[in-house]
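The file model-v5.cif comes next; it holds mmCIF, C-alpha atoms.
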```cif
data_entry
loop_
_atom_site.group_PDB
_atom_site.id
_atom_site.type_symbol
_atom_site.label_atom_id
_atom_site.label_comp_id
_atom_site.auth_asym_id
_atom_site.auth_seq_id
_atom_site.Cartn_x
_atom_site.Cartn_y
_atom_site.Cartn_z
ATOM 1 C CA MET S 1 58.614 219.231 -2.068
ATOM 2 C CA GLU S 2 58.728 218.237 1.621
ATOM 3 C CA ARG S 3 55.275 219.731 2.151
ATOM 4 C CA ASN S 4 53.880 217.672 -0.725
ATOM 5 C CA ARG S 5 55.402 214.480 0.660
ATOM 6 C CA TYR S 6 53.969 215.251 4.100
ATOM 7 C CA ASN S 7 50.508 215.921 2.658
ATOM 8 C CA SER S 8 50.575 212.669 0.683
ATOM 9 C CA PHE S 9 51.660 210.896 3.885
ATOM 10 C CA LEU S 10 48.666 212.377 5.748
ATOM 11 C CA GLU S 11 46.271 211.380 2.947
ATOM 12 C CA GLY S 12 47.488 207.775 3.188
ATOM 13 C CA LEU S 13 46.686 207.503 6.898
ATOM 14 C CA GLU S 14 43.619 205.733 8.157
ATOM 15 C CA ASP S 15 41.324 207.501 10.630
ATOM 16 C CA TRP S 16 42.775 205.808 13.700
ATOM 17 C CA GLU S 17 46.329 206.552 12.531
ATOM 18 C CA ARG S 18 45.479 210.204 12.030
ATOM 19 C CA ALA S 19 43.948 210.326 15.545
ATOM 20 C CA VAL S 20 47.146 208.857 17.017
ATOM 21 C CA LEU S 21 49.275 211.361 15.084
ATOM 22 C CA ASN S 22 47.149 214.284 16.259
ATOM 23 C CA ARG S 23 47.378 213.085 19.860
ATOM 24 C CA ALA S 24 51.160 212.764 19.568
ATOM 25 C CA VAL S 25 51.459 216.305 18.224
ATOM 26 C CA GLU S 26 49.228 217.690 20.997
ATOM 27 C CA GLU S 27 51.163 215.925 23.784
ATOM 28 C CA ASP S 28 54.478 217.285 22.481
ATOM 29 C CA LEU S 29 56.383 214.072 23.187
ATOM 30 C CA ASN S 30 59.364 212.625 21.362
ATOM 31 C CA TYR S 31 58.880 209.373 19.480
ATOM 32 C CA TYR S 32 61.787 207.173 18.454
ATOM 33 C CA ILE S 33 61.585 203.879 16.592
ATOM 34 C CA LEU S 34 64.551 201.605 17.207
ATOM 35 C CA GLU S 35 65.178 199.005 14.530
ATOM 36 C CA LEU S 36 67.283 196.223 15.990
ATOM 37 C CA SER S 37 68.697 193.149 14.292
ATOM 38 C CA ASN S 38 69.930 189.916 15.822
ATOM 39 C CA GLU S 39 73.154 189.199 13.943
ATOM 40 C CA GLY S 40 74.505 186.438 16.172
ATOM 41 C CA GLY S 41 71.270 184.454 16.313
ATOM 42 C CA LEU S 42 71.233 184.188 20.113
ATOM 43 C CA VAL S 43 68.059 185.617 21.677
ATOM 44 C CA MET S 44 69.040 187.962 24.529
ATOM 45 C CA PRO S 45 67.450 190.885 26.359
ATOM 46 C CA ILE S 46 68.260 194.316 24.962
ATOM 47 C CA LEU S 47 69.996 196.581 27.465
ATOM 48 C CA LEU S 48 69.956 200.262 26.551
ATOM 49 C CA GLN S 49 71.548 203.377 27.965
ATOM 50 C CA LEU S 50 69.768 206.524 26.818
ATOM 51 C CA GLU S 51 71.562 209.842 27.117
ATOM 52 C CA TYR S 52 69.373 212.897 26.838
ATOM 53 C CA VAL S 53 70.304 216.305 25.476
ATOM 54 C CA ASP S 54 70.335 217.794 28.999
ATOM 55 C CA GLY S 55 73.069 215.292 30.012
ATOM 56 C CA SER S 56 70.920 212.956 32.095
ATOM 57 C CA ASN S 57 71.032 209.181 31.546
ATOM 58 C CA GLU S 58 68.474 206.410 31.771
ATOM 59 C CA ALA S 59 68.977 202.650 31.737
ATOM 60 C CA LEU S 60 66.303 200.679 29.922
ATOM 61 C CA SER S 61 65.992 196.901 29.764
ATOM 62 C CA ILE S 62 63.858 195.272 27.073
ATOM 63 C CA PRO S 63 63.147 191.601 27.890
ATOM 64 C CA ALA S 64 64.179 188.829 25.493
ATOM 65 C CA GLU S 65 60.493 188.193 24.711
ATOM 66 C CA ILE S 66 60.704 191.032 22.192
ATOM 67 C CA TRP S 67 62.245 188.488 19.794
ATOM 68 C CA ARG S 68 59.321 186.004 20.050
ATOM 69 C CA ARG S 69 57.671 186.947 16.749
ATOM 70 C CA ASN S 70 60.806 187.520 14.724
ATOM 71 C CA SER S 71 64.182 186.323 15.971
ATOM 72 C CA ARG S 72 66.080 188.253 13.261
ATOM 73 C CA ALA S 73 64.786 191.851 13.485
ATOM 74 C CA VAL S 74 62.462 193.865 15.725
ATOM 75 C CA ARG S 75 61.253 197.418 16.138
ATOM 76 C CA LYS S 76 60.742 199.160 19.467
ATOM 77 C CA LEU S 77 58.911 202.448 19.974
ATOM 78 C CA LEU S 78 60.370 204.760 22.622
ATOM 79 C CA VAL S 79 58.276 207.684 23.841
ATOM 80 C CA THR S 80 60.172 210.264 25.895
ATOM 81 C CA ASP S 81 59.633 213.714 27.319
ATOM 82 C CA GLN S 82 63.165 214.790 26.378
ATOM 83 C CA ASN S 83 65.208 214.613 23.198
ATOM 84 C CA ILE S 84 67.639 211.697 23.054
ATOM 85 C CA ALA S 85 71.250 212.638 22.290
ATOM 86 C CA SER S 86 72.680 209.109 22.106
ATOM 87 C CA ILE S 87 71.790 205.472 22.644
ATOM 88 C CA ILE S 88 74.208 202.713 23.632
ATOM 89 C CA ILE S 89 73.171 199.078 23.415
ATOM 90 C CA ASP S 90 74.616 196.898 26.192
ATOM 91 C CA PRO S 91 76.922 199.582 27.659
ATOM 92 C CA LEU S 92 78.449 197.218 30.259
ATOM 93 C CA GLN S 93 78.843 194.336 27.769
ATOM 94 C CA GLU S 94 76.698 191.980 29.809
ATOM 95 C CA THR S 95 75.248 190.033 26.878
ATOM 96 C CA ALA S 96 76.748 188.003 24.044
ATOM 97 C CA ASP S 97 77.359 190.296 21.094
ATOM 98 C CA ALA S 98 78.681 189.402 17.640
ATOM 99 C CA ASP S 99 79.755 192.999 16.837
ATOM 100 C CA ILE S 100 80.056 195.609 19.579
ATOM 101 C CA GLU S 101 80.855 198.429 17.151
ATOM 102 C CA ASN S 102 77.241 198.638 15.936
ATOM 103 C CA ASN S 103 75.916 199.331 19.461
ATOM 104 C CA PHE S 104 76.106 203.118 19.254
ATOM 105 C CA TYR S 105 73.708 205.758 17.986
ATOM 106 C CA PRO S 106 74.859 208.030 16.543
ATOM 107 C CA ARG S 107 77.508 205.791 15.049
ATOM 108 C CA ARG S 108 80.865 205.985 16.757
ATOM 109 C CA ILE S 109 83.692 206.888 14.403
ATOM 110 C CA ILE S 110 86.456 204.349 14.770
ATOM 111 C CA PRO S 111 89.856 205.580 13.634
ATOM 112 C CA SER S 112 91.738 203.414 11.200
ATOM 113 C CA ARG S 113 95.036 201.870 12.219
ATOM 114 C CA ILE S 114 96.879 204.586 10.300
ATOM 115 C CA GLU S 115 94.923 207.370 12.028
ATOM 116 C CA SER S 116 95.615 205.777 15.415
ATOM 117 C CA PHE S 117 99.305 205.523 14.530
ATOM 118 C CA LYS S 118 99.421 209.207 13.566
ATOM 119 C CA ALA S 119 97.517 210.304 16.686
ATOM 120 C CA GLU S 120 99.930 208.475 18.986
ATOM 121 C CA GLY S 121 102.861 210.248 17.369
ATOM 122 C CA GLY S 122 103.950 207.234 15.380
ATOM 123 C CA SER S 123 106.587 204.810 16.437
ATOM 124 C CA SER S 124 109.565 205.655 18.580
ATOM 125 C CA LEU S 125 111.676 206.021 15.417
ATOM 126 C CA ILE S 126 109.769 208.991 14.073
ATOM 127 C CA GLY S 127 111.219 212.345 15.009
ATOM 128 C CA ARG S 128 114.654 211.000 15.880
ATOM 129 C CA ASP S 129 117.729 209.863 14.050
ATOM 130 C CA ILE S 130 117.000 206.416 12.618
ATOM 131 C CA MET S 131 120.709 205.570 12.710
ATOM 132 C CA GLN S 132 120.899 206.331 16.434
ATOM 133 C CA ASP S 133 120.997 202.646 17.394
ATOM 134 C CA ILE S 134 123.916 202.009 15.071
ATOM 135 C CA LYS S 135 125.800 205.070 16.349
ATOM 136 C CA THR S 136 125.361 204.038 19.990
ATOM 137 C CA GLU S 137 128.499 202.486 21.384
ATOM 138 C CA LEU S 138 128.012 198.953 22.616
ATOM 139 C CA LYS S 139 129.004 198.097 26.161
ATOM 140 C CA SER S 140 130.980 194.986 26.871
ATOM 141 C CA ASP S 141 130.924 192.913 30.038
ATOM 142 C CA ASP S 142 134.205 194.571 31.061
ATOM 143 C CA ASP S 143 132.514 197.989 31.051
ATOM 144 C CA ASP S 144 129.635 196.841 33.272
ATOM 145 C CA PRO S 145 130.450 197.365 36.983
ATOM 146 C CA ASP S 146 127.610 195.054 38.024
ATOM 147 C CA ALA S 147 128.855 192.140 35.949
ATOM 148 C CA ASP S 148 129.994 189.027 37.830
ATOM 149 C CA ASP S 149 133.721 188.576 38.210
ATOM 150 C CA GLU S 150 133.400 184.873 37.561
ATOM 151 C CA GLN S 151 133.710 183.648 34.046
ATOM 152 C CA ILE S 152 132.221 180.421 32.836
ATOM 153 C CA ASP S 153 134.859 177.974 31.811
ATOM 154 C CA ASN S 154 133.828 175.744 28.931
ATOM 155 C CA ASN S 155 136.107 172.686 29.175
#
```
Please rewrite the model in this file as C-alpha cells.
Amino acid sequence: MERNRYNSFLEGLEDWERAVLNRAVEEDLNYYILELSNEGGLVMPILLQLEYVDGSNEALSIPAEIWRRNSRAVRKLLVTDQNIASIIIDPLQETADADIENNFYPRRIIPSRIESFKAEGGSSLIGRDIMQDIKTELKSDDDDPDADDEQIDNN
C-alpha cells in the first residue's frame, strides 16, 4: 500500500521536481518543513532552537519578512546534515506570543491540575490525621513565655 502511494506520488511529479528529489536523495540530507501560524496577529521574527539527535543545539532566527506574503500562516524548509530531535520556538520568550504551549515539537505533555496535585503528594492533609488540628491543644496567652506582661485596658 505504501509502495503504491509512493509510486503514484512519483508519477505526479514534474521533471524539475523529480530532479530536486533525486538530488536530495543523493546528498543524504534531512529536509523538514515547518508550518507556522500567526495566532496573535502581530508580525514578529521567528526564533528557533533546534536540538539534534546527537545532543547539540543550534539557534536559528527567521526574520519577520517571512510573513510578507501571508500574515496568517507560512512554511519554512529546513535542510540539515543531522536529524532534528526537537524544535522550540522562542525558547527565551523574547517575542509576543499568544500561546506559549504550542511552541514545542514534539508537543510537550502538560499535566492536568489533578496529575500535578498527585505528583506533588497532594495537600498537606493527605497521609495524616485530618482531625489533627482539632485534637491539637490551643495555647493561651498565659502559656506563651514571650507574651507581653502588659494587658490592654479597655475603659
May I have the residues within 10 Å of Val43 (chain S) as a compact mmCIF listing (two decimals) with C-alpha atoms, in the frame of the given file, using all atoms listed in the file and disregarding those fewer than 3 positions away in the same chain?
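New file around12.txt:
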```txt
# COMPACT_ATOMS: atom_id res chain seq x y z
CA ASN S 38 69.93 189.92 15.82
CA GLU S 39 73.15 189.20 13.94
CA GLY S 40 74.50 186.44 16.17
CA ILE S 46 68.26 194.32 24.96
CA PRO S 63 63.15 191.60 27.89
CA ALA S 64 64.18 188.83 25.49
CA GLU S 65 60.49 188.19 24.71
CA ILE S 66 60.70 191.03 22.19
CA TRP S 67 62.24 188.49 19.79
CA ARG S 68 59.32 186.00 20.05
CA SER S 71 64.18 186.32 15.97
CA ARG S 72 66.08 188.25 13.26
CA THR S 95 75.25 190.03 26.88
CA ALA S 96 76.75 188.00 24.04
```
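Restricting the calculation to all atoms listed in the file, the smallest distance between Arg107 (chain S) and any of S:Asn70, S:Glu120, S:Ile33, S:Ile89 is found for S:Ile89.
Interatomic distance, CA of Asp54 (chain S) against CA of Ile87 (chain S): 13.9 Å.
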List as a Markdown table every residue of region 65-101 of chain S that is in contact with region 2-26 of chain S, defined as an atom at most 12 Å from one of its atoms (using all atoms listed in the file), together with the nearest atom pair and the distance in Å rounded to one decimal, sorted by chain and then rising number.
```
| residue | atom | partner | partner_atom | distance |
| --- | --- | --- | --- | --- |
| S:Val79 | CA | S:Ala24 | CA | 9.7 |
| S:Thr80 | CA | S:Ala24 | CA | 11.3 |
| S:Asp81 | CA | S:Ala24 | CA | 11.5 |
```
Tell me which residues come within 12 Å of (63.6, 201.1, 14.1), as a PDB file with C-alpha atoms, in the coordinates of the input, counting only C-alpha atoms in the file's coordinates.
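In the end it all went to part-v1.pdb:
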```
ATOM      1  CA  TYR S  31      58.880 209.373  19.480  1.00  0.00           C
ATOM      2  CA  TYR S  32      61.787 207.173  18.454  1.00  0.00           C
ATOM      3  CA  ILE S  33      61.585 203.879  16.592  1.00  0.00           C
ATOM      4  CA  LEU S  34      64.551 201.605  17.207  1.00  0.00           C
ATOM      5  CA  GLU S  35      65.178 199.005  14.530  1.00  0.00           C
ATOM      6  CA  LEU S  36      67.283 196.223  15.990  1.00  0.00           C
ATOM      7  CA  SER S  37      68.697 193.149  14.292  1.00  0.00           C
ATOM      8  CA  ALA S  73      64.786 191.851  13.485  1.00  0.00           C
ATOM      9  CA  VAL S  74      62.462 193.865  15.725  1.00  0.00           C
ATOM     10  CA  ARG S  75      61.253 197.418  16.138  1.00  0.00           C
ATOM     11  CA  LYS S  76      60.742 199.160  19.467  1.00  0.00           C
ATOM     12  CA  LEU S  77      58.911 202.448  19.974  1.00  0.00           C
ATOM     13  CA  LEU S  78      60.370 204.760  22.622  1.00  0.00           C
ATOM     14  CA  TYR S 105      73.708 205.758  17.986  1.00  0.00           C
TER      15      TYR S 105
END
```
Problem - Distance in Å - CA of Asp90 (chain S) versus CA of Gln49 (chain S) - result: 7.4 Å
Exercise for the section: Return the single residue from S:Pro91, S:Arg69, S:Phe104, S:Asn83 that is closest to Asn30 (chain S), with distances computed using all atoms listed in the file. Expected result: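 Answer, going by the shortest atom-to-atom distance: S:Asn83.
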Practice task
Could you tell me how far CA of Asn103 (chain S) lies from CA of Ile88 (chain S), in Å and to one decimal?
Solution key: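 Atom-to-atom, CA of Asn103 (chain S) to CA of Ile88 (chain S), that is 5.6 Å.
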Handout entry: Neighbour list for Val53 (chain S) as a list in words, cut-off 8 Å, all atoms listed in the file, skip fewer than 6 positions in-chain
Key = Gln82, Asn83, Ile84 and Ala85 of chain S
Emit as JSON the padded axis-aligned box for all listed atoms of region 91-107 of chain S, 5 Å per side, with centre and edge lengths in Å to one decimal.
```
{"center_x": 77.3, "center_y": 198.0, "center_z": 22.7, "size_x": 17.1, "size_y": 30.0, "size_z": 25.2}
```
Exercise for the section: Could you tell me which of S:Pro111, S:Asp97, S:Pro106, S:Glu27 comes closest to Glu51 (chain S) if we count only C-alpha atoms? Expected result: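 Closest to Glu51 (chain S), using only C-alpha atoms: S:Pro106.
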Practice task
Any chance you could resolve the PyMOL selection byres ((chain S and resi 60) around 6) against this file and give the residues as number ranges by chain?
Solution key: S: 48, 59, 61
Mind dumping the selected residues with C-alpha atoms as a PDB file, in the frame of the given file?
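What ended up in result10.pdb:
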```pdb
ATOM      1  CA  LEU S  48      69.956 200.262  26.551  1.00  0.00           C
ATOM      2  CA  ALA S  59      68.977 202.650  31.737  1.00  0.00           C
ATOM      3  CA  SER S  61      65.992 196.901  29.764  1.00  0.00           C
TER       4      SER S  61
END
```
Only C-alpha atoms, as a CSV table (one decimal), in the first residue's frame: that is what I want for chain S.
```csv
chain,number,residue,atom,x,y,z
S,1,MET,CA,0.0,0.0,0.0
S,2,GLU,CA,2.8,2.5,1.0
S,3,ARG,CA,4.7,1.5,-2.1
S,4,ASN,CA,1.7,2.2,-4.3
S,5,ARG,CA,1.2,5.6,-2.7
S,6,TYR,CA,4.9,6.4,-3.2
S,7,ASN,CA,4.8,5.4,-6.9
S,8,SER,CA,1.7,7.5,-7.5
S,9,PHE,CA,3.4,10.4,-5.8
S,10,LEU,CA,6.5,10.0,-8.1
S,11,GLU,CA,4.2,9.8,-11.2
S,12,GLY,CA,2.6,13.1,-10.2
S,13,LEU,CA,5.9,15.0,-10.1
S,14,GLU,CA,7.0,17.2,-12.8
S,15,ASP,CA,10.5,16.8,-14.3
S,16,TRP,CA,12.1,19.6,-12.3
S,17,GLU,CA,10.5,18.2,-9.1
S,18,ARG,CA,11.8,14.8,-9.8
S,19,ALA,CA,15.3,16.2,-10.4
S,20,VAL,CA,15.2,18.0,-7.0
S,21,LEU,CA,14.0,14.8,-5.3
S,22,ASN,CA,16.8,12.8,-6.8
S,23,ARG,CA,19.4,15.4,-5.8
S,24,ALA,CA,18.0,15.4,-2.2
S,25,VAL,CA,18.3,11.6,-2.0
S,26,GLU,CA,21.8,11.6,-3.4
S,27,GLU,CA,23.0,14.3,-1.0
S,28,ASP,CA,21.6,12.3,2.0
S,29,LEU,CA,20.4,15.5,3.8
S,30,ASN,CA,17.4,15.9,6.1
S,31,TYR,CA,14.6,18.0,5.0
S,32,TYR,CA,12.0,19.4,7.4
S,33,ILE,CA,9.0,21.6,6.5
S,34,LEU,CA,7.9,23.8,9.4
S,35,GLU,CA,4.3,25.0,9.1
S,36,LEU,CA,3.8,28.1,11.4
S,37,SER,CA,0.7,30.0,12.1
S,38,ASN,CA,0.4,33.6,13.4
S,39,GLU,CA,-2.4,33.3,16.0
S,40,GLY,CA,-1.9,36.6,17.7
S,41,GLY,CA,-1.8,38.7,14.5
S,42,LEU,CA,1.4,40.5,15.4
S,43,VAL,CA,4.1,40.0,12.8
S,44,MET,CA,7.4,39.1,14.6
S,45,PRO,CA,10.6,37.3,13.8
S,46,ILE,CA,10.6,33.5,14.4
S,47,LEU,CA,13.3,32.5,16.9
S,48,LEU,CA,14.1,28.7,16.8
S,49,GLN,CA,16.2,26.4,18.9
S,50,LEU,CA,17.0,23.2,17.2
S,51,GLU,CA,18.2,20.2,19.2
S,52,TYR,CA,19.8,17.5,17.2
S,53,VAL,CA,19.8,13.8,18.0
S,54,ASP,CA,23.5,13.9,19.0
S,55,GLY,CA,22.6,16.5,21.7
S,56,SER,CA,24.0,19.6,20.0
S,57,ASN,CA,21.9,22.7,19.7
S,58,GLU,CA,21.6,25.5,17.1
S,59,ALA,CA,19.8,28.8,17.4
S,60,LEU,CA,18.1,30.0,14.2
S,61,SER,CA,16.5,33.3,13.6
S,62,ILE,CA,14.0,33.8,10.8
S,63,PRO,CA,13.3,37.5,10.0
S,64,ALA,CA,9.8,38.9,10.2
S,65,GLU,CA,9.8,39.3,6.4
S,66,ILE,CA,8.7,35.7,6.2
S,67,TRP,CA,5.2,36.9,6.9
S,68,ARG,CA,5.1,39.4,4.0
S,69,ARG,CA,3.1,37.2,1.6
S,70,ASN,CA,0.7,35.7,4.2
S,71,SER,CA,0.5,37.1,7.7
S,72,ARG,CA,-1.6,34.2,9.0
S,73,ALA,CA,0.5,31.1,8.0
S,74,VAL,CA,3.9,30.3,6.5
S,75,ARG,CA,6.0,27.3,5.6
S,76,LYS,CA,9.8,27.2,6.1
S,77,LEU,CA,12.1,24.5,4.7
S,78,LEU,CA,15.0,23.5,6.9
S,79,VAL,CA,17.8,21.4,5.4
S,80,THR,CA,20.2,19.9,7.9
S,81,ASP,CA,23.0,17.4,8.0
S,82,GLN,CA,21.7,15.8,11.2
S,83,ASN,CA,18.4,14.6,12.4
S,84,ILE,CA,16.4,17.0,14.5
S,85,ALA,CA,15.2,15.7,17.9
S,86,SER,CA,13.2,18.7,19.0
S,87,ILE,CA,12.4,22.3,18.0
S,88,ILE,CA,11.5,25.1,20.4
S,89,ILE,CA,10.0,28.3,19.1
S,90,ASP,CA,11.1,31.4,21.0
S,91,PRO,CA,13.0,29.5,23.8
S,92,LEU,CA,13.8,32.7,25.8
S,93,GLN,CA,10.4,34.2,25.3
S,94,GLU,CA,11.7,37.3,23.6
S,95,THR,CA,8.7,37.9,21.4
S,96,ALA,CA,5.0,38.5,22.0
S,97,ASP,CA,3.2,35.1,22.0
S,98,ALA,CA,-0.5,34.4,22.3
S,99,ASP,CA,0.1,30.7,23.4
S,100,ILE,CA,3.5,29.5,24.5
S,101,GLU,CA,2.3,25.9,24.9
S,102,ASN,CA,2.3,25.4,21.1
S,103,ASN,CA,6.0,26.3,20.8
S,104,PHE,CA,7.3,22.8,21.2
S,105,TYR,CA,8.0,20.0,18.7
S,106,PRO,CA,7.4,17.2,19.6
S,107,ARG,CA,4.4,18.5,21.6
S,108,ARG,CA,5.2,18.9,25.3
S,109,ILE,CA,2.8,17.0,27.5
S,110,ILE,CA,1.3,19.3,30.1
S,111,PRO,CA,0.0,17.5,33.2
S,112,SER,CA,-3.5,18.4,34.3
S,113,ARG,CA,-4.1,20.0,37.6
S,114,ILE,CA,-5.1,16.7,39.1
S,115,GLU,CA,-2.0,15.0,37.8
S,116,SER,CA,0.2,17.8,39.2
S,117,PHE,CA,-1.7,17.5,42.5
S,118,LYS,CA,-1.0,13.8,42.7
S,119,ALA,CA,2.7,14.2,41.7
S,120,GLU,CA,3.3,16.7,44.5
S,121,GLY,CA,1.9,14.3,47.0
S,122,GLY,CA,-1.4,16.1,47.4
S,123,SER,CA,-2.2,18.6,50.0
S,124,SER,CA,-0.7,18.6,53.5
S,125,LEU,CA,-3.8,16.9,54.7
S,126,ILE,CA,-3.3,13.7,52.8
S,127,GLY,CA,-1.4,11.0,54.6
S,128,ARG,CA,-2.1,12.4,58.1
S,129,ASP,CA,-4.9,12.5,60.5
S,130,ILE,CA,-7.5,15.1,59.2
S,131,MET,CA,-8.7,15.7,62.8
S,132,GLN,CA,-5.2,16.6,63.9
S,133,ASP,CA,-5.9,20.3,64.0
S,134,ILE,CA,-8.9,19.8,66.2
S,135,LYS,CA,-7.0,17.4,68.6
S,136,THR,CA,-4.2,19.9,69.0
S,137,GLU,CA,-4.4,21.8,72.3
S,138,LEU,CA,-4.7,25.5,71.9
S,139,LYS,CA,-2.2,27.8,73.6
S,140,SER,CA,-3.4,30.8,75.5
S,141,ASP,CA,-1.5,34.0,76.1
S,142,ASP,CA,-0.8,32.8,79.7
S,143,ASP,CA,1.1,29.8,78.2
S,144,ASP,CA,3.3,31.9,75.9
S,145,PRO,CA,6.5,32.9,77.7
S,146,ASP,CA,7.2,35.6,75.1
S,147,ALA,CA,3.8,37.3,75.5
S,148,ASP,CA,3.9,40.9,76.9
S,149,ASP,CA,3.1,41.2,80.6
S,150,GLU,CA,1.0,44.3,79.9
S,151,GLN,CA,-2.6,43.9,79.2
S,152,ILE,CA,-4.7,46.4,77.2
S,153,ASP,CA,-7.2,48.1,79.4
S,154,ASN,CA,-10.4,48.9,77.5
S,155,ASN,CA,-12.1,51.7,79.6
```
